[in-house]
Amino acid sequence: MKPLAAALILCAASALALPDPRFDDQSDKTPLVRKDAPPAAAPVEMDPRMWVEVEAPGKAERQAAVDAGISLEELAPGMAAGFAAPRALARAKAAGLKIRSVVTLRQRFGSLDFPEKDALYHNDQELKAEMLSLAARAPDLVSMFSIGKSTLGKDLWAVRLTRGAAGDQPSAKPGIVFLGAHHAREHLSTEVPLLLAKYLVDNRDQPEIARLLESRDIYFIPMVNPDGVEYDVEGGRYHMHRKNMAKNGDGSTGVDLNRNYSWGWGGGGASLDPDDDTYRGPSPFSEPESRAVKTFVEGRPNLKVLLSYHTFSELILYPWGGSDDPIPDAKALAAFKAMAGEMARMTGYTPEQSSALYIATGDTCDWAWGKKGIFSFTFELTPKSMWNGGFYPGANAIQTTFQANIRPALYLIDLADDPRRAATQTKVFAAAPASKSQGETIP
Ligand SMILES: [Zn+2]
């Protein structure tokens with residue numbers, strides 16, 4: 001891991017070394033009763049969460065902060081900081097953590113009102129329109145379908161790129177899926193998979209791209225949490241919202257979808273308190289969004305690779321997130337490390353096991369690898385830190401971040417036929433990027 005020069009964010013970390021079959025048995029358990037209407041937008045001035053900085057000389061303190069329910073977003077030598085609901089702050093104090101400072105979100109982030117200048121980002125309806133347009137442009141190649149409904153009833157849209165199969169039709173071709181926006185405020189994580197789908201369509205006549213579209217089954221689900229995204233930009237201002245819009249039994253809102261998967265669910269780094277940003281939910285797969293991803297994956301045994309985009313910190317993470325142990329399959333681990341290392345060279349991001357900064361359980365990738373044997377990565381996209389824009393880096397970040405992520409995506413699509421070959425093959429996918437600015441962020 002690189003030295004933490006300024007700050008790091010981690011929204012992803014996640015899972016456990018050993019499966020617990022009880023969790024999947026419970027996966028269809030009825031979630032807590034919820035109201036239909038979303039809560040009214042709360043201005044940042046009224047948000048009860050605080051921005052808390054704690055002394056954290058090592059991983060033990062970071063873990064204690066996460067386990068208290070603080071959603072850690074910044075790490076620097078000797079310190080860690082993040083969002084804390086009042087009860088999480090009290091637990092952190094009770095756990096003996098030394099609190100350096102506590103400020104309101106308004107004091108930390110200012111007024112947070114600028115979505116007009118970020119109009120290039122896609123909301124749920126704009127995303128759907130872009131996908132429909134793609135499917136209309138290349139009907140022989142592109143199909144679109146919903147993998148399920150969100151908590152508030154929105155469709156969770158997927159776009160599929162392959163020749164010879166459309167929509168829900170099964171395929172024997174090696175499959176790969178790119179996921180975005182498990183976390184609402186991480187808007188770049190929607191833009192990157194959407195732009196990748198457009199890139200493949202735009203360049204479908206390039207020989208190497210044509211080969212991939214012919215021989216692979218490629219899915220993009222750019223917005224897993226449309227309810228949360230809508231809320232995060234409601235009223236033309238950002239709300240720093242992470243979770244979905246489930247109405248919890250205690251009156252609080254939202255479950256952290258990336259703590260709601262069954263592998264290792266209920267372990268460290270995922271909160272039991274519904275008020276916390278990292279609330280794991282009442283049971284594994286309690287949420288319709290995570291359940292839809294589960295059903296999607298389980299229905300496609302041809303899937304070999306999964307990439308879940310998040311922001312931010314510029315990291316490439318591989319399982320486990322819920323345990324410091326390495327995955328037990330040494331050959332697979334070698335492949336994971338080779339792939340993460342290669343993609344790090346392409347992007348300048350840092351490769352590491354997901355649990356490196358702290359353990360967090362119940363994420364997408366630990367489940368997809370642990371339960372399904374799918375080679376699964378979490379990318380924490382740009383920026384590098386809170387100081388470069390954090391969750392809201394502005395419209396200019398869209399193109400540069402997308403460009404930096406073309407080659408890793410092509411590399412993974414190519415490897416989907418046999419990801420384990422990454423451990424022994426040094427030749428990487430050689431498709432020429434279509435855009436001249438592609439190499440800007442590659443060291
Ligand atoms: Zn995230």
# chains A, B, ... in the order shown; residues from 1 in each chain; ligands from 1
>>> closest_atom_pairs(of="chain A", to="ligand 1", cutoff="10 Å", atoms="only C-alpha atoms and all ligand atoms", output="Markdown table")
| residue | atom | partner | partner_atom_place_in_ligand_line | distance |
| --- | --- | --- | --- | --- |
| A:Ile9 | CA | ligand 1 | 1 (Zn) | 9.0 |
| A:Leu10 | CA | ligand 1 | 1 (Zn) | 7.1 |
| A:Cys11 | CA | ligand 1 | 1 (Zn) | 3.9 |
| A:Ala12 | CA | ligand 1 | 1 (Zn) | 5.2 |
| A:Ala13 | CA | ligand 1 | 1 (Zn) | 8.8 |
| A:Gly180 | CA | ligand 1 | 1 (Zn) | 8.9 |
| A:Ala181 | CA | ligand 1 | 1 (Zn) | 7.2 |
| A:His182 | CA | ligand 1 | 1 (Zn) | 6.3 |
| A:His183 | CA | ligand 1 | 1 (Zn) | 4.8 |
| A:Ala184 | CA | ligand 1 | 1 (Zn) | 8.0 |
| A:Arg185 | CA | ligand 1 | 1 (Zn) | 8.2 |
| A:Glu186 | CA | ligand 1 | 1 (Zn) | 6.3 |
| A:His187 | CA | ligand 1 | 1 (Zn) | 9.8 |
| A:Ser189 | CA | ligand 1 | 1 (Zn) | 8.5 |
| A:Arg242 | CA | ligand 1 | 1 (Zn) | 7.5 |
| A:Lys243 | CA | ligand 1 | 1 (Zn) | 9.4 |
| A:Asp256 | CA | ligand 1 | 1 (Zn) | 9.1 |
| A:Leu257 | CA | ligand 1 | 1 (Zn) | 9.1 |
| A:Asn258 | CA | ligand 1 | 1 (Zn) | 7.3 |
| A:Ser308 | CA | ligand 1 | 1 (Zn) | 8.9 |
| A:Tyr309 | CA | ligand 1 | 1 (Zn) | 7.5 |
| A:His310 | CA | ligand 1 | 1 (Zn) | 4.3 |
| A:Thr311 | CA | ligand 1 | 1 (Zn) | 5.6 |
| A:Phe312 | CA | ligand 1 | 1 (Zn) | 7.5 |
| A:Asp363 | CA | ligand 1 | 1 (Zn) | 9.9 |
| A:Thr378 | CA | ligand 1 | 1 (Zn) | 8.9 |
| A:Phe379 | CA | ligand 1 | 1 (Zn) | 9.1 |
| A:Glu380 | CA | ligand 1 | 1 (Zn) | 7.4 |
| A:Leu381 | CA | ligand 1 | 1 (Zn) | 9.6 |
| A:Phe391 | CA | ligand 1 | 1 (Zn) | 9.6 |
>>> write_last_selection(atoms="C-alpha atoms", output="PDB file, in the first residue's frame")
ATOM      1  CA  ILE A   9     -11.669   6.961   1.212  1.00  0.00           C
ATOM      2  CA  LEU A  10     -12.886   3.502   1.522  1.00  0.00           C
ATOM      3  CA  CYS A  11     -16.427   2.667   0.762  1.00  0.00           C
ATOM      4  CA  ALA A  12     -15.840  -0.847  -0.302  1.00  0.00           C
ATOM      5  CA  ALA A  13     -13.964  -3.076   2.022  1.00  0.00           C
ATOM      6  CA  GLY A 180     -22.050   0.923 -10.394  1.00  0.00           C
ATOM      7  CA  ALA A 181     -23.633   3.049  -7.672  1.00  0.00           C
ATOM      8  CA  HIS A 182     -24.214   0.618  -4.873  1.00  0.00           C
ATOM      9  CA  HIS A 183     -23.507   3.789  -2.910  1.00  0.00           C
ATOM     10  CA  ALA A 184     -25.678   6.756  -3.841  1.00  0.00           C
ATOM     11  CA  ARG A 185     -23.193   9.637  -3.590  1.00  0.00           C
ATOM     12  CA  GLU A 186     -20.577   7.860  -5.746  1.00  0.00           C
ATOM     13  CA  HIS A 187     -21.862   9.250  -9.033  1.00  0.00           C
ATOM     14  CA  SER A 189     -19.310   4.900 -10.498  1.00  0.00           C
ATOM     15  CA  ARG A 242     -24.648   6.522   0.823  1.00  0.00           C
ATOM     16  CA  LYS A 243     -27.365   3.957   1.535  1.00  0.00           C
ATOM     17  CA  ASP A 256     -25.643   0.021   3.123  1.00  0.00           C
ATOM     18  CA  LEU A 257     -26.053  -2.239   0.092  1.00  0.00           C
ATOM     19  CA  ASN A 258     -22.357  -3.052   0.115  1.00  0.00           C
ATOM     20  CA  SER A 308     -18.036  -3.201  -8.816  1.00  0.00           C
ATOM     21  CA  TYR A 309     -17.202   0.482  -9.225  1.00  0.00           C
ATOM     22  CA  HIS A 310     -17.158   2.771  -6.214  1.00  0.00           C
ATOM     23  CA  THR A 311     -15.509   6.067  -5.377  1.00  0.00           C
ATOM     24  CA  PHE A 312     -13.054   7.190  -4.232  1.00  0.00           C
ATOM     25  CA  ASP A 363     -19.822  -6.715   0.275  1.00  0.00           C
ATOM     26  CA  THR A 378     -13.852  -3.341  -6.367  1.00  0.00           C
ATOM     27  CA  PHE A 379     -12.453  -0.230  -7.994  1.00  0.00           C
ATOM     28  CA  GLU A 380     -12.350   2.893  -5.886  1.00  0.00           C
ATOM     29  CA  LEU A 381     -12.228   5.444  -8.693  1.00  0.00           C
ATOM     30  CA  PHE A 391     -17.507  12.221  -3.832  1.00  0.00           C
TER      31      PHE A 391
END
>>> select_by_dssp(residues="region 306-420 of chain A", states="strand (DSSP E or B)", output="PyMOL selection string")
chain A and resi 306-311+315-318+350-353+375-381
>>> write_last_selection(atoms="C-alpha atoms", output="compact mmCIF listing (two decimals), in the first residue's frame")
# COMPACT_ATOMS: atom_id res chain seq x y z
CA LEU A 306 -17.32 -8.99 -11.80
CA LEU A 307 -16.20 -5.41 -11.32
CA SER A 308 -18.04 -3.20 -8.82
CA TYR A 309 -17.20 0.48 -9.22
CA HIS A 310 -17.16 2.77 -6.21
CA THR A 311 -15.51 6.07 -5.38
CA LEU A 315 -7.69 1.63 -5.30
CA ILE A 316 -8.07 -1.79 -6.94
CA LEU A 317 -9.34 -4.22 -4.32
CA TYR A 318 -9.72 -7.98 -4.35
CA THR A 350 -3.08 1.09 -5.84
CA PRO A 351 -3.76 -2.68 -5.77
CA GLU A 352 -4.39 -4.41 -2.46
CA GLN A 353 -6.52 -6.91 -0.59
CA PHE A 375 -13.21 -13.19 -10.04
CA SER A 376 -14.43 -10.00 -8.42
CA PHE A 377 -12.87 -6.59 -7.98
CA THR A 378 -13.85 -3.34 -6.37
CA PHE A 379 -12.45 -0.23 -7.99
CA GLU A 380 -12.35 2.89 -5.89
CA LEU A 381 -12.23 5.44 -8.69
>>> residues_around(residues="Thr104 (chain A)", least_positions_apart="2", cutoff="6 Å", atoms="only C-alpha atoms", output="MDAnalysis selection string")
chainID A and resid 50:51 106:107
>>> residues_around(residues="Lys128 (chain A)", least_positions_apart="6", cutoff="10 Å", atoms="only C-alpha atoms", output="list in words")
His122, Leu134, Met144, Asp155, Leu156, Trp157, Ala158, Val159 and Met223 of chain A
>>> residues_around(residues="region 99-101 of chain A", least_positions_apart="5", cutoff="8 Å", atoms="only C-alpha atoms", output="list in words")
Val52, Glu53, Val54, Glu55 and Lys93 of chain A
>>> closest_residue(among="A:Asn225, A:Thr364, A:Thr162, A:Ser150", to="Leu200 (chain A)", atoms="only C-alpha atoms")
A:Thr162
>>> closest_residue(among="A:Ile359, A:Ala422, A:Ala340, A:Leu89", to="Arg259 (chain A)", atoms="only C-alpha atoms")
A:Ile359
>>> closest_residue(among="A:Ala85, A:Leu194, A:Ala94, A:Ile327", to="Gly370 (chain A)", atoms="only C-alpha atoms")
A:Ile327
>>> closest_residue(among="A:Lys247, A:Lys304, A:Arg291, A:Arg237", to="Asp275 (chain A)", atoms="only C-alpha atoms")
A:Lys247
>>> residues_around(residues="Glu230 (chain A)", least_positions_apart="6", cutoff="10 Å", atoms="only C-alpha atoms", output="PyMOL selection string")
chain A and resi 123-125+184-185+238+241+245
>>> atom_distance(atom1="CA of Val142 (chain A)", atom2="CA of Ala404 (chain A)")
23.8 Å
>>> residues_around(residues="Arg280 (chain A)", least_positions_apart="2", cutoff="12 Å", atoms="only C-alpha atoms", output="ChimeraX atom specification")
/A:14,67,69,243-244,246,248,254-278,282-287,290,360-363
>>> write_last_selection(atoms="C-alpha atoms", output="PDB file, in the first residue's frame")
ATOM      1  CA  SER A  14     -15.804  -6.301   2.764  1.00  0.00           C
ATOM      2  CA  ASP A  67     -16.938  -1.185  14.298  1.00  0.00           C
ATOM      3  CA  GLY A  69     -20.355   2.621  13.191  1.00  0.00           C
ATOM      4  CA  LYS A 243     -27.365   3.957   1.535  1.00  0.00           C
ATOM      5  CA  ASN A 244     -30.568   2.933  -0.211  1.00  0.00           C
ATOM      6  CA  ALA A 246     -35.259   1.642   2.959  1.00  0.00           C
ATOM      7  CA  ASN A 248     -35.793   1.316   8.954  1.00  0.00           C
ATOM      8  CA  GLY A 254     -31.287   3.286   4.413  1.00  0.00           C
ATOM      9  CA  VAL A 255     -29.238   0.110   4.359  1.00  0.00           C
ATOM     10  CA  ASP A 256     -25.643   0.021   3.123  1.00  0.00           C
ATOM     11  CA  LEU A 257     -26.053  -2.239   0.092  1.00  0.00           C
ATOM     12  CA  ASN A 258     -22.357  -3.052   0.115  1.00  0.00           C
ATOM     13  CA  ARG A 259     -22.687  -4.551   3.603  1.00  0.00           C
ATOM     14  CA  ASN A 260     -25.884  -6.481   2.826  1.00  0.00           C
ATOM     15  CA  TYR A 261     -24.521  -9.456   0.869  1.00  0.00           C
ATOM     16  CA  SER A 262     -24.520 -12.772   2.674  1.00  0.00           C
ATOM     17  CA  TRP A 263     -20.869 -13.761   2.703  1.00  0.00           C
ATOM     18  CA  GLY A 264     -19.626 -12.893   6.171  1.00  0.00           C
ATOM     19  CA  TRP A 265     -22.745 -10.812   6.816  1.00  0.00           C
ATOM     20  CA  GLY A 266     -22.962  -9.585  10.385  1.00  0.00           C
ATOM     21  CA  GLY A 267     -19.215  -9.582  10.964  1.00  0.00           C
ATOM     22  CA  GLY A 268     -16.839  -6.709  11.522  1.00  0.00           C
ATOM     23  CA  GLY A 269     -16.895  -3.342   9.827  1.00  0.00           C
ATOM     24  CA  ALA A 270     -20.627  -3.333   9.190  1.00  0.00           C
ATOM     25  CA  SER A 271     -22.922  -1.606  11.635  1.00  0.00           C
ATOM     26  CA  LEU A 272     -25.883  -3.059  13.507  1.00  0.00           C
ATOM     27  CA  ASP A 273     -27.278   0.421  14.077  1.00  0.00           C
ATOM     28  CA  PRO A 274     -29.818   1.413  11.396  1.00  0.00           C
ATOM     29  CA  ASP A 275     -28.813   5.046  11.786  1.00  0.00           C
ATOM     30  CA  ASP A 276     -25.237   4.431  10.644  1.00  0.00           C
ATOM     31  CA  ASP A 277     -23.925   4.906   7.126  1.00  0.00           C
ATOM     32  CA  THR A 278     -22.601   1.340   7.146  1.00  0.00           C
ATOM     33  CA  PRO A 282     -31.860  -6.576   9.142  1.00  0.00           C
ATOM     34  CA  SER A 283     -30.730  -9.752   7.376  1.00  0.00           C
ATOM     35  CA  PRO A 284     -28.485 -10.814   4.488  1.00  0.00           C
ATOM     36  CA  PHE A 285     -30.015  -9.795   1.168  1.00  0.00           C
ATOM     37  CA  SER A 286     -32.823  -7.987   2.984  1.00  0.00           C
ATOM     38  CA  GLU A 287     -32.755  -5.280   0.298  1.00  0.00           C
ATOM     39  CA  SER A 290     -28.766  -6.495  -3.449  1.00  0.00           C
ATOM     40  CA  ALA A 360     -15.673  -4.773   6.416  1.00  0.00           C
ATOM     41  CA  THR A 361     -18.130  -7.603   5.859  1.00  0.00           C
ATOM     42  CA  GLY A 362     -21.041  -8.254   3.529  1.00  0.00           C
ATOM     43  CA  ASP A 363     -19.822  -6.715   0.275  1.00  0.00           C
TER      44      ASP A 363
END
>>> closest_residue(among="A:Ala68, A:Asp47, A:Asp414, A:Gly341", to="Ala210 (chain A)", atoms="only C-alpha atoms")
A:Asp414
>>> decode(residues="region 203-250 of chain A", atoms="C-alpha atoms", output="CSV table (one decimal), in the first residue's frame")
chain,number,residue,atom,x,y,z
A,203,ASN,CA,-15.8,1.0,-31.5
A,204,ARG,CA,-17.6,-2.2,-32.4
A,205,ASP,CA,-15.9,-2.3,-35.8
A,206,GLN,CA,-12.3,-2.3,-34.4
A,207,PRO,CA,-11.1,-5.9,-34.8
A,208,GLU,CA,-10.2,-6.5,-31.1
A,209,ILE,CA,-13.4,-5.0,-29.8
A,210,ALA,CA,-15.4,-6.9,-32.4
A,211,ARG,CA,-13.7,-10.1,-31.3
A,212,LEU,CA,-14.7,-9.4,-27.6
A,213,LEU,CA,-18.3,-8.6,-28.6
A,214,GLU,CA,-18.4,-11.8,-30.6
A,215,SER,CA,-16.9,-14.1,-28.0
A,216,ARG,CA,-17.9,-12.6,-24.6
A,217,ASP,CA,-21.2,-11.9,-22.8
A,218,ILE,CA,-20.9,-8.4,-21.4
A,219,TYR,CA,-23.3,-6.7,-18.9
A,220,PHE,CA,-23.4,-3.3,-17.4
A,221,ILE,CA,-25.6,-2.4,-14.4
A,222,PRO,CA,-24.5,1.2,-13.8
A,223,MET,CA,-27.0,2.2,-11.1
A,224,VAL,CA,-27.7,-0.5,-8.5
A,225,ASN,CA,-29.2,2.1,-6.1
A,226,PRO,CA,-31.3,4.6,-8.1
A,227,ASP,CA,-33.5,5.6,-5.1
A,228,GLY,CA,-30.4,6.7,-3.2
A,229,VAL,CA,-29.0,8.5,-6.2
A,230,GLU,CA,-32.2,10.4,-6.7
A,231,TYR,CA,-32.2,11.4,-3.1
A,232,ASP,CA,-28.6,12.4,-3.1
A,233,VAL,CA,-29.3,15.1,-5.8
A,234,GLU,CA,-32.8,16.1,-4.7
A,235,GLY,CA,-33.5,19.8,-4.7
A,236,GLY,CA,-30.4,20.6,-6.8
A,237,ARG,CA,-28.0,20.0,-4.0
A,238,TYR,CA,-25.9,17.1,-2.7
A,239,HIS,CA,-26.9,15.2,0.4
A,240,MET,CA,-23.8,13.0,1.0
A,241,HIS,CA,-26.2,10.0,1.0
A,242,ARG,CA,-24.6,6.5,0.8
A,243,LYS,CA,-27.4,4.0,1.5
A,244,ASN,CA,-30.6,2.9,-0.2
A,245,MET,CA,-33.9,4.4,0.8
A,246,ALA,CA,-35.3,1.6,3.0
A,247,LYS,CA,-37.3,2.9,5.9
A,248,ASN,CA,-35.8,1.3,9.0
A,249,GLY,CA,-37.8,0.3,12.0
A,250,ASP,CA,-36.2,3.0,14.1
